[in-house]
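Data file: my_file19.tsv. Format and content: TSV, C-alpha atoms.
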chain	number	residue	atom	x	y	z
Q	868	MET	CA	1.91	14.88	19.95
Q	869	ASP	CA	-1.40	13.18	20.53
Q	870	ILE	CA	-3.32	12.84	17.23
Q	871	GLN	CA	-6.65	14.05	18.59
Q	872	LEU	CA	-5.00	17.04	20.22
Q	873	LYS	CA	-3.12	17.91	17.04
Q	874	ARG	CA	-6.28	17.65	14.94
Q	875	GLY	CA	-8.07	20.10	17.25
Q	876	LEU	CA	-5.11	22.48	17.17
Q	877	LEU	CA	-4.89	22.42	13.38
Q	878	ASP	CA	-8.61	23.20	13.06
Q	879	VAL	CA	-8.21	26.31	15.19
Q	880	CYS	CA	-5.00	27.31	13.37
Q	881	VAL	CA	-6.80	27.24	10.03
Q	882	LEU	CA	-9.68	29.26	11.50
Q	883	ALA	CA	-7.17	31.79	12.84
Q	884	ALA	CA	-5.57	32.04	9.39
Q	885	ILE	CA	-8.87	33.21	7.87
Q	886	LYS	CA	-10.05	35.21	10.87
Q	887	ASP	CA	-9.06	38.73	9.80
Q	888	GLU	CA	-9.71	38.41	6.09
Q	889	ASP	CA	-10.81	35.73	3.65
Q	890	SER	CA	-7.92	33.62	2.48
Q	891	TYR	CA	-7.14	30.86	-0.01
Q	892	GLY	CA	-5.47	27.47	0.25
Q	893	TYR	CA	-1.87	28.29	-0.56
Q	894	ARG	CA	-1.88	31.45	1.54
Q	895	ILE	CA	-3.24	29.56	4.56
Q	896	ILE	CA	-0.36	27.08	4.28
Q	897	LYS	CA	2.18	29.91	3.89
Q	898	ASP	CA	0.77	31.89	6.83
Q	899	MET	CA	0.87	28.83	9.08
Q	900	LYS	CA	4.33	27.69	7.97
Q	901	PRO	CA	6.36	29.58	10.61
Q	902	TYR	CA	4.29	27.89	13.32
Q	903	ILE	CA	3.22	24.51	12.02
Q	904	SER	CA	3.77	22.79	8.69
Q	905	LEU	CA	0.79	21.36	6.94
Q	906	SER	CA	0.44	19.29	3.78
Q	907	GLU	CA	-2.10	20.10	1.07
Q	908	SER	CA	-3.98	16.87	1.69
Q	909	THR	CA	-4.28	17.58	5.40
Q	910	LEU	CA	-5.46	21.14	4.73
Q	911	TYR	CA	-8.11	19.86	2.33
Q	912	THR	CA	-9.47	17.51	4.99
Q	913	ILE	CA	-9.52	20.26	7.63
Q	914	LEU	CA	-11.26	22.75	5.32
Q	915	LYS	CA	-13.89	20.13	4.45
Q	916	ARG	CA	-14.44	19.32	8.11
Q	917	LEU	CA	-14.77	22.99	9.09
Q	918	GLU	CA	-17.14	23.63	6.18
Q	919	THR	CA	-19.35	20.70	7.20
Q	920	ALA	CA	-19.32	21.96	10.78
Q	921	GLY	CA	-20.49	25.37	9.55
Q	922	MET	CA	-17.39	27.17	10.80
Q	923	LEU	CA	-16.44	28.53	7.40
Q	924	THR	CA	-18.00	29.16	4.00
Q	925	VAL	CA	-16.39	28.82	0.58
Q	926	ARG	CA	-16.74	31.03	-2.48
Q	927	SER	CA	-15.02	30.91	-5.83
Q	928	ALA	CA	-13.66	34.15	-7.21
Q	929	GLU	CA	-11.79	34.90	-10.40
Q	930	HIS	CA	-8.12	35.61	-10.00
Q	931	ASP	CA	-5.78	36.20	-12.91
Q	932	GLY	CA	-8.06	34.46	-15.37
Q	933	ARG	CA	-8.63	31.39	-13.23
Q	934	LEU	CA	-10.91	30.44	-10.34
Q	935	ARG	CA	-9.64	30.47	-6.82
Q	936	LYS	CA	-11.51	29.34	-3.73
Q	937	TYR	CA	-11.69	31.77	-0.84
Q	938	TYR	CA	-12.59	30.70	2.69
Q	939	HIS	CA	-14.63	32.94	4.97
Q	940	ILE	CA	-15.01	32.41	8.71
Q	941	THR	CA	-18.54	32.26	10.17
Q	942	ASP	CA	-19.75	33.34	13.62
Q	943	LEU	CA	-19.56	29.70	14.68
Q	944	GLY	CA	-15.91	29.64	13.62
Q	945	LEU	CA	-15.15	32.82	15.55
Q	946	ARG	CA	-16.81	31.33	18.60
Q	947	ARG	CA	-14.63	28.20	18.22
Q	948	ILE	CA	-11.50	30.38	18.42
Q	949	GLU	CA	-12.80	32.08	21.59
Q	950	GLU	CA	-13.57	28.68	23.15
Q	951	PHE	CA	-10.06	27.56	22.29
Q	952	LYS	CA	-8.55	30.59	24.00
Q	953	GLU	CA	-10.64	30.01	27.12
Q	954	ASP	CA	-9.69	26.32	27.22
Q	955	TRP	CA	-6.02	27.13	26.93
Q	956	LYS	CA	-6.08	29.72	29.66
Q	957	GLU	CA	-7.16	26.90	31.93
Q	958	ILE	CA	-4.60	24.46	30.54
Q	959	LEU	CA	-1.83	27.04	30.94
Q	960	SER	CA	-2.70	27.63	34.57
Q	961	ILE	CA	-2.60	23.87	35.16
Q	962	TYR	CA	0.74	23.77	33.36
Q	963	ARG	CA	2.15	26.48	35.62
Q	964	PHE	CA	1.00	24.50	38.65
Q	965	VAL	CA	2.67	21.33	37.36
Q	966	VAL	CA	5.93	23.10	36.57
Q	967	LYS	CA	5.97	24.84	39.95
Q	968	GLU	CA	5.49	21.51	41.75
Q	969	GLU	CA	8.47	20.10	39.88
Q	970	GLU	CA	10.67	23.07	40.75
Q	971	ASN	CA	9.85	22.74	44.44
Q	972	GLU	CA	10.91	19.10	44.53
D	218	MET	CA	6.37	16.40	-13.75
D	219	SER	CA	4.00	18.86	-15.39
D	220	LYS	CA	0.84	20.04	-13.70
D	221	GLN	CA	-1.30	18.22	-16.24
D	222	GLU	CA	0.61	14.99	-15.71
D	223	PHE	CA	0.24	15.28	-11.93
D	224	LEU	CA	-3.51	15.90	-12.17
D	225	ASP	CA	-3.95	13.07	-14.68
D	226	ARG	CA	-2.18	10.63	-12.37
D	227	LEU	CA	-4.26	11.82	-9.46
D	228	ARG	CA	-7.45	11.41	-11.49
D	229	ARG	CA	-6.51	7.88	-12.54
D	230	GLY	CA	-5.57	7.00	-8.98
D	231	LEU	CA	-8.86	8.24	-7.57
D	232	ASN	CA	-11.03	6.71	-10.28
D	233	GLY	CA	-13.83	4.90	-8.52
D	234	LEU	CA	-14.58	7.67	-6.04
D	235	PRO	CA	-17.65	9.84	-6.69
D	236	GLN	CA	-16.96	12.06	-9.72
D	237	GLU	CA	-17.67	15.34	-7.90
D	238	ASP	CA	-15.23	14.42	-5.12
D	239	ILE	CA	-12.52	13.83	-7.71
D	240	GLU	CA	-13.22	17.13	-9.49
D	241	GLU	CA	-13.07	19.03	-6.21
D	242	ARG	CA	-9.76	17.44	-5.26
D	243	LEU	CA	-8.27	18.13	-8.69
D	244	ASN	CA	-9.37	21.78	-8.57
D	245	PHE	CA	-7.84	22.10	-5.11
D	246	TYR	CA	-4.45	20.68	-6.12
D	247	GLY	CA	-4.53	22.55	-9.42
D	248	GLU	CA	-5.07	25.83	-7.58
D	249	MET	CA	-2.21	24.99	-5.20
D	250	ILE	CA	0.16	24.44	-8.14
D	251	ASP	CA	-1.00	27.62	-9.93
D	252	ASP	CA	-0.51	29.70	-6.80
D	253	ARG	CA	3.04	28.40	-6.38
D	254	MET	CA	3.87	29.16	-10.02
D	255	GLU	CA	2.47	32.65	-9.58
D	256	GLU	CA	5.02	33.12	-6.82
D	257	GLY	CA	7.83	32.38	-9.22
D	258	LEU	CA	8.35	28.64	-8.95
D	259	SER	CA	8.74	26.66	-12.15
D	260	GLU	CA	5.99	24.16	-12.99
D	261	ASP	CA	8.27	21.25	-12.04
D	262	GLU	CA	9.17	22.78	-8.68
D	263	ALA	CA	5.57	23.66	-7.89
D	264	VAL	CA	4.41	20.10	-8.57
D	265	ALA	CA	7.33	18.66	-6.59
D	266	GLU	CA	6.34	20.72	-3.54
D	267	ILE	CA	2.86	19.21	-3.52
D	268	GLY	CA	4.40	15.81	-2.88
D	269	ASN	CA	4.25	12.25	-4.08
D	270	VAL	CA	1.06	11.39	-6.00
D	271	TRP	CA	0.92	7.85	-4.67
D	272	GLU	CA	1.18	9.05	-1.06
D	273	ILE	CA	-1.53	11.63	-1.65
D	274	ILE	CA	-3.84	8.98	-3.13
D	275	SER	CA	-3.18	6.65	-0.18
D	276	GLN	CA	-3.95	9.42	2.29
D	277	ILE	CA	-7.19	10.30	0.50
D	278	LEU	CA	-8.25	6.64	0.43
D	279	ALA	CA	-7.41	6.20	4.11
D	280	GLU	CA	-9.74	9.11	4.89
D	281	THR	CA	-12.56	7.99	2.62
D	282	PRO	CA	-15.02	5.59	4.29
D	283	LEU	CA	-15.09	2.15	2.69
D	284	THR	CA	-18.91	2.32	2.44
D	285	LYS	CA	-18.65	5.39	0.20
D	286	ILE	CA	-16.27	3.60	-2.15
D	287	VAL	CA	-18.39	0.44	-2.29
D	288	LYS	CA	-21.56	2.47	-2.86
D	289	GLU	CA	-19.94	4.27	-5.78
D	290	LYS	CA	-18.59	0.99	-7.11
D	291	ILE	CA	-21.94	-0.80	-7.23
D	292	ARG	CA	-23.88	2.23	-8.48
D	293	PRO	CA	-24.87	1.37	-12.07
D	294	LYS	CA	-23.10	3.67	-14.54
D	295	SER	CA	-25.90	3.25	-17.08
D	296	PRO	CA	-29.51	2.09	-16.64
D	297	VAL	CA	-29.60	-1.62	-15.81
D	298	LYS	CA	-30.88	-3.68	-18.73
D	299	PRO	CA	-33.95	-5.89	-18.09
D	300	TRP	CA	-32.13	-9.12	-18.96
D	301	VAL	CA	-29.46	-8.33	-16.36
D	302	ILE	CA	-32.15	-8.02	-13.70
D	303	LEU	CA	-33.73	-11.29	-14.90
D	304	LEU	CA	-30.36	-13.02	-14.73
D	305	LEU	CA	-29.77	-11.68	-11.23
D	306	ILE	CA	-33.13	-13.02	-10.05
D	307	LEU	CA	-32.71	-16.41	-11.74
D	308	GLY	CA	-29.15	-16.73	-10.55
D	309	PHE	CA	-30.03	-15.77	-6.99
D	310	PRO	CA	-29.93	-19.36	-5.61
D	311	LEU	CA	-26.42	-19.62	-7.01
D	312	TRP	CA	-24.74	-16.27	-6.27
D	313	PHE	CA	-26.34	-15.55	-2.93
D	314	PRO	CA	-24.96	-18.61	-1.08
D	315	LEU	CA	-21.59	-18.01	-2.74
D	316	LEU	CA	-21.58	-14.42	-1.54
D	317	ILE	CA	-22.49	-15.51	1.99
D	318	ALA	CA	-19.72	-18.13	1.88
D	319	VAL	CA	-17.09	-15.62	0.78
D	320	ILE	CA	-18.13	-13.15	3.49
D	321	ALA	CA	-18.10	-15.96	6.07
D	322	ILE	CA	-14.61	-17.10	5.07
D	323	VAL	CA	-13.20	-13.58	5.34
D	324	LEU	CA	-14.90	-13.11	8.69
D	325	VAL	CA	-13.61	-16.45	10.00
D	326	LEU	CA	-10.05	-15.62	8.94
D	327	TYR	CA	-10.30	-12.34	10.79
D	328	ILE	CA	-11.72	-14.04	13.91
D	329	VAL	CA	-8.90	-16.61	13.78
D	330	ILE	CA	-6.33	-13.81	13.87
D	331	TRP	CA	-8.02	-12.28	16.90
D	332	SER	CA	-8.26	-15.72	18.55
D	333	ALA	CA	-4.47	-15.94	18.51
D	334	VAL	CA	-4.40	-12.64	20.38
D	335	ILE	CA	-6.98	-13.89	22.88
D	336	VAL	CA	-4.89	-17.03	23.44
D	337	LEU	CA	-1.91	-14.86	24.35
D	338	TRP	CA	-4.02	-12.97	26.90
D	339	ALA	CA	-5.35	-16.26	28.29
D	340	ILE	CA	-1.77	-17.46	28.82
D	341	PHE	CA	-1.03	-14.19	30.57
D	342	VAL	CA	-4.01	-14.59	32.93
D	343	SER	CA	-3.09	-18.20	33.78
D	344	LEU	CA	0.51	-17.25	34.50
D	345	VAL	CA	-0.65	-14.48	36.83
D	346	ALA	CA	-2.99	-16.95	38.54
D	347	VAL	CA	-0.19	-19.49	39.01
D	348	ALA	CA	2.13	-16.79	40.34
D	349	LEU	CA	-0.43	-15.68	42.91
D	350	GLY	CA	-1.24	-19.29	43.79
D	351	GLY	CA	2.47	-19.98	44.22
D	352	VAL	CA	2.85	-17.16	46.73
D	353	VAL	CA	-0.21	-18.26	48.72
D	354	SER	CA	0.86	-21.90	48.66
D	355	ALA	CA	4.39	-20.96	49.73
D	356	ALA	CA	3.02	-19.04	52.71
D	357	TYR	CA	0.84	-22.03	53.64
D	358	ASN	CA	3.71	-24.52	53.35
D	359	LEU	CA	5.91	-22.28	55.43
D	360	ALA	CA	3.20	-22.02	58.09
D	361	ILE	CA	2.94	-25.80	58.45
D	362	GLY	CA	6.73	-26.08	58.56
D	363	ARG	CA	7.55	-27.46	55.12
D	364	ALA	CA	10.27	-24.97	54.20
D	365	LEU	CA	11.61	-26.89	51.19
D	366	SER	CA	8.19	-27.18	49.56
D	367	ALA	CA	7.54	-23.52	50.31
D	368	LEU	CA	10.76	-22.54	48.58
D	369	SER	CA	10.04	-24.59	45.46
D	370	VAL	CA	6.44	-23.32	45.02
D	371	LEU	CA	7.67	-19.79	45.57
D	372	ALA	CA	10.30	-20.31	42.86
D	373	ILE	CA	7.65	-21.58	40.44
D	374	GLY	CA	5.45	-18.62	41.31
D	375	ILE	CA	8.24	-16.13	40.63
D	376	LEU	CA	9.09	-17.90	37.38
D	377	CYS	CA	5.47	-17.56	36.26
D	378	ALA	CA	5.33	-13.92	37.31
D	379	GLY	CA	8.41	-13.23	35.19
D	380	SER	CA	6.91	-15.02	32.20
D	381	ALA	CA	3.66	-13.15	32.73
D	382	ILE	CA	5.44	-9.82	32.35
D	383	LEU	CA	7.03	-10.96	29.09
D	384	ILE	CA	3.74	-12.36	27.76
D	385	PHE	CA	1.98	-9.13	28.74
D	386	PHE	CA	4.17	-7.06	26.42
D	387	ALA	CA	3.86	-9.67	23.68
D	388	SER	CA	0.05	-9.58	23.98
D	389	LEU	CA	0.01	-5.82	23.89
D	390	ALA	CA	2.20	-5.84	20.78
D	391	ALA	CA	-0.10	-8.45	19.20
D	392	VAL	CA	-3.19	-6.27	19.73
D	393	LYS	CA	-1.44	-3.27	18.22
D	394	GLY	CA	-0.17	-5.42	15.37
D	395	VAL	CA	-3.61	-6.74	14.47
D	396	ILE	CA	-5.13	-3.23	14.60
D	397	TRP	CA	-2.33	-1.99	12.35
D	398	LEU	CA	-2.93	-4.95	10.00
D	399	THR	CA	-6.65	-4.16	9.91
D	400	LYS	CA	-5.99	-0.56	8.90
D	401	LYS	CA	-3.47	-1.64	6.25
D	402	ALA	CA	-5.92	-4.21	4.90
D	403	ALA	CA	-8.66	-1.57	4.70
D	404	VAL	CA	-6.43	0.79	2.70
D	405	GLY	CA	-5.29	-2.14	0.54
D	406	LEU	CA	-8.89	-3.08	-0.17
D	407	LYS	CA	-9.69	0.51	-1.10
D	408	HIS	CA	-6.72	0.54	-3.47
D	409	MET	CA	-8.13	-2.57	-5.11
D	410	LEU	CA	-11.53	-0.94	-5.59
D	411	VAL	CA	-10.27	2.48	-6.65
D	412	GLY	CA	-7.79	3.61	-9.21
D	413	LYS	CA	-8.47	1.55	-12.30
D	414	GLU	CA	-9.44	3.10	-15.58
D	415	ARG	CA	-13.17	3.44	-15.95
D	416	VAL	CA	-14.35	1.07	-18.68

When written as structure tokens, how does the structure in this file appear?
Amino acid sequence: MDIQLKRGLLDVCVLAAIKDEDSYGYRIIKDMKPYISLSESTLYTILKRLETAGMLTVRSAEHDGRLRKYYHITDLGLRRIEEFKEDWKEILSIYRFVVKEEENE
Amino acid sequence: MSKQEFLDRLRRGLNGLPQEDIEERLNFYGEMIDDRMEEGLSEDEAVAEIGNVWEIISQILAETPLTKIVKEKIRPKSPVKPWVILLLILGFPLWFPLLIAVIAIVLVLYIVIWSAVIVLWAIFVSLVAVALGGVVSAAYNLAIGRALSALSVLAIGILCAGSAILIFFASLAAVKGVIWLTKKAAVGLKHMLVGKERV
């Protein structure tokens, strides 16, 4: 898959993983695993990028006597997910057109 | 490998990056290992799942801009002593030209590599030109009734067109190769700057 495309997809996947409730690193990887596998290093880069872009915020909370970082989605992040869905509606309709053309050949 | 050993190796490997960046990375990987152990994995298994330390370091370095590494490298760890500044000023006529020379040599080497690529493209363009010229010349020769000449120029033209196709793919591969080499060299340079014990 195209690298730029994959990067954009992964960003939205991580946002989706923290959309309903705040989550932490390992859980994000586990939640995404059935759909797309992701290494720790890659996740770190994505989280950093999303934080810099203001799409998520980070807080440290105590868990079992140690600190764990929790990631919280911002309004900007939620809007990014909506944009993604809109974009893909369009792409899907183009896809259907392409597939239909091929079937008619 | 134990968690501590993994984190120690990572710390040593990243030495030379800004301290706060290193701490943040270590906390992140530490948390990842702890969370896996909480799920029932042994320490060894949890560390193994994170992956190879060397590969992780390489990936981090590939993502870190070279300017950031250099900036951290030349940032004085302790206040600069006055005699060091004096020496730098007095030595300026000596070290500055040397520095310029070193930069120039590296730059020239890099340009030479790209020149080879440009030469390949130049050959490609000339071959295409000859091929086109061959076709035109063949048509002209045919028109004035010199069939044998027409046939031979056409043959040369086709030969050049064939070579042009081969050279085209070679040139394309050369461009990709040099870009790949540049990236490798950048990561190699970063490895040289980062990862030694702090004195």

Compute the set of chain D residues within 9 Å of chain Q, using all atoms listed in the file, and express it as a PDB file with C-alpha atoms, in the coordinates of the input.
ATOM      1  CA  ARG D 242      -9.760  17.440  -5.260  1.00  0.00           C
ATOM      2  CA  ASN D 244      -9.370  21.780  -8.570  1.00  0.00           C
ATOM      3  CA  PHE D 245      -7.840  22.100  -5.110  1.00  0.00           C
ATOM      4  CA  TYR D 246      -4.450  20.680  -6.120  1.00  0.00           C
ATOM      5  CA  GLU D 248      -5.070  25.830  -7.580  1.00  0.00           C
ATOM      6  CA  MET D 249      -2.210  24.990  -5.200  1.00  0.00           C
ATOM      7  CA  ILE D 250       0.160  24.440  -8.140  1.00  0.00           C
ATOM      8  CA  ASP D 252      -0.510  29.700  -6.800  1.00  0.00           C
ATOM      9  CA  ARG D 253       3.040  28.400  -6.380  1.00  0.00           C
ATOM     10  CA  ILE D 267       2.860  19.210  -3.520  1.00  0.00           C
ATOM     11  CA  GLY D 268       4.400  15.810  -2.880  1.00  0.00           C
ATOM     12  CA  ILE D 273      -1.530  11.630  -1.650  1.00  0.00           C
ATOM     13  CA  GLN D 276      -3.950   9.420   2.290  1.00  0.00           C
ATOM     14  CA  ILE D 277      -7.190  10.300   0.500  1.00  0.00           C
ATOM     15  CA  GLU D 280      -9.740   9.110   4.890  1.00  0.00           C
TER      16      GLU D 280
END

Write out as a JSON list (two decimals) with C-alpha atoms, in the frame of the given file which residues come within 12 Å of region 340-343 of chain D when counting only C-alpha atoms, dropping same-chain ones fewer than 3 positions away.
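Generated output (out32.json):
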[["chain", "number", "residue", "atom", "x", "y", "z"],
["D", 333, "ALA", "CA", -4.47, -15.94, 18.51],
["D", 334, "VAL", "CA", -4.40, -12.64, 20.38],
["D", 335, "ILE", "CA", -6.98, -13.89, 22.88],
["D", 336, "VAL", "CA", -4.89, -17.03, 23.44],
["D", 337, "LEU", "CA", -1.91, -14.86, 24.35],
["D", 346, "ALA", "CA", -2.99, -16.95, 38.54],
["D", 347, "VAL", "CA", -0.19, -19.49, 39.01],
["D", 348, "ALA", "CA", 2.13, -16.79, 40.34],
["D", 349, "LEU", "CA", -0.43, -15.68, 42.91],
["D", 350, "GLY", "CA", -1.24, -19.29, 43.79],
["D", 351, "GLY", "CA", 2.47, -19.98, 44.22],
["D", 374, "GLY", "CA", 5.45, -18.62, 41.31],
["D", 377, "CYS", "CA", 5.47, -17.56, 36.26],
["D", 378, "ALA", "CA", 5.33, -13.92, 37.31],
["D", 379, "GLY", "CA", 8.41, -13.23, 35.19],
["D", 380, "SER", "CA", 6.91, -15.02, 32.20],
["D", 381, "ALA", "CA", 3.66, -13.15, 32.73],
["D", 382, "ILE", "CA", 5.44, -9.82, 32.35],
["D", 383, "LEU", "CA", 7.03, -10.96, 29.09],
["D", 384, "ILE", "CA", 3.74, -12.36, 27.76],
["D", 385, "PHE", "CA", 1.98, -9.13, 28.74],
["D", 386, "PHE", "CA", 4.17, -7.06, 26.42],
["D", 387, "ALA", "CA", 3.86, -9.67, 23.68],
["D", 388, "SER", "CA", 0.05, -9.58, 23.98],
["D", 389, "LEU", "CA", 0.01, -5.82, 23.89]]

Exercise. Just how far from CA of Lys288 (chain D) is CA of Lys407 (chain D), in Å to one decimal?
Worked result: 12.2 Å

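One distance worth recording is that between CA of Ile913 (chain Q) and CA of Glu950 (chain Q), which is 18.1 Å.
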
For this session: Extract, using only C-alpha atoms, all DNA, RNA and protein residues at most 10 Å from region 322-330 of chain D, discarding same-chain residues fewer than 4 positions from it, and format them as a PyMOL selection string.
Result: chain D and resi 316-318+334-335+391+395+399

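Of the listed residues D:Leu231, D:Ala403, D:Ala367, D:Ser219, the one whose atoms come nearest to Glu272 (chain D) is D:Leu231, with distances taken using all atoms listed in the file.
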
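Here CA of Ser275 (chain D) is placed at a distance of 19.9 Å from CA of Gln221 (chain D).
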
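The closest residue to Ala263 (chain D), picked from D:Lys393, D:Arg226, D:Arg292, D:Lys220 and counting all atoms listed in the file, is D:Lys220.
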
Exercise. Need the neighbours of (-8.4, 34.6, 5.5): which residues are at most 10 Å away, counting only C-alpha atoms, as a ChimeraX atom specification?
Worked result: /Q:881-892,894-895,898,937-940
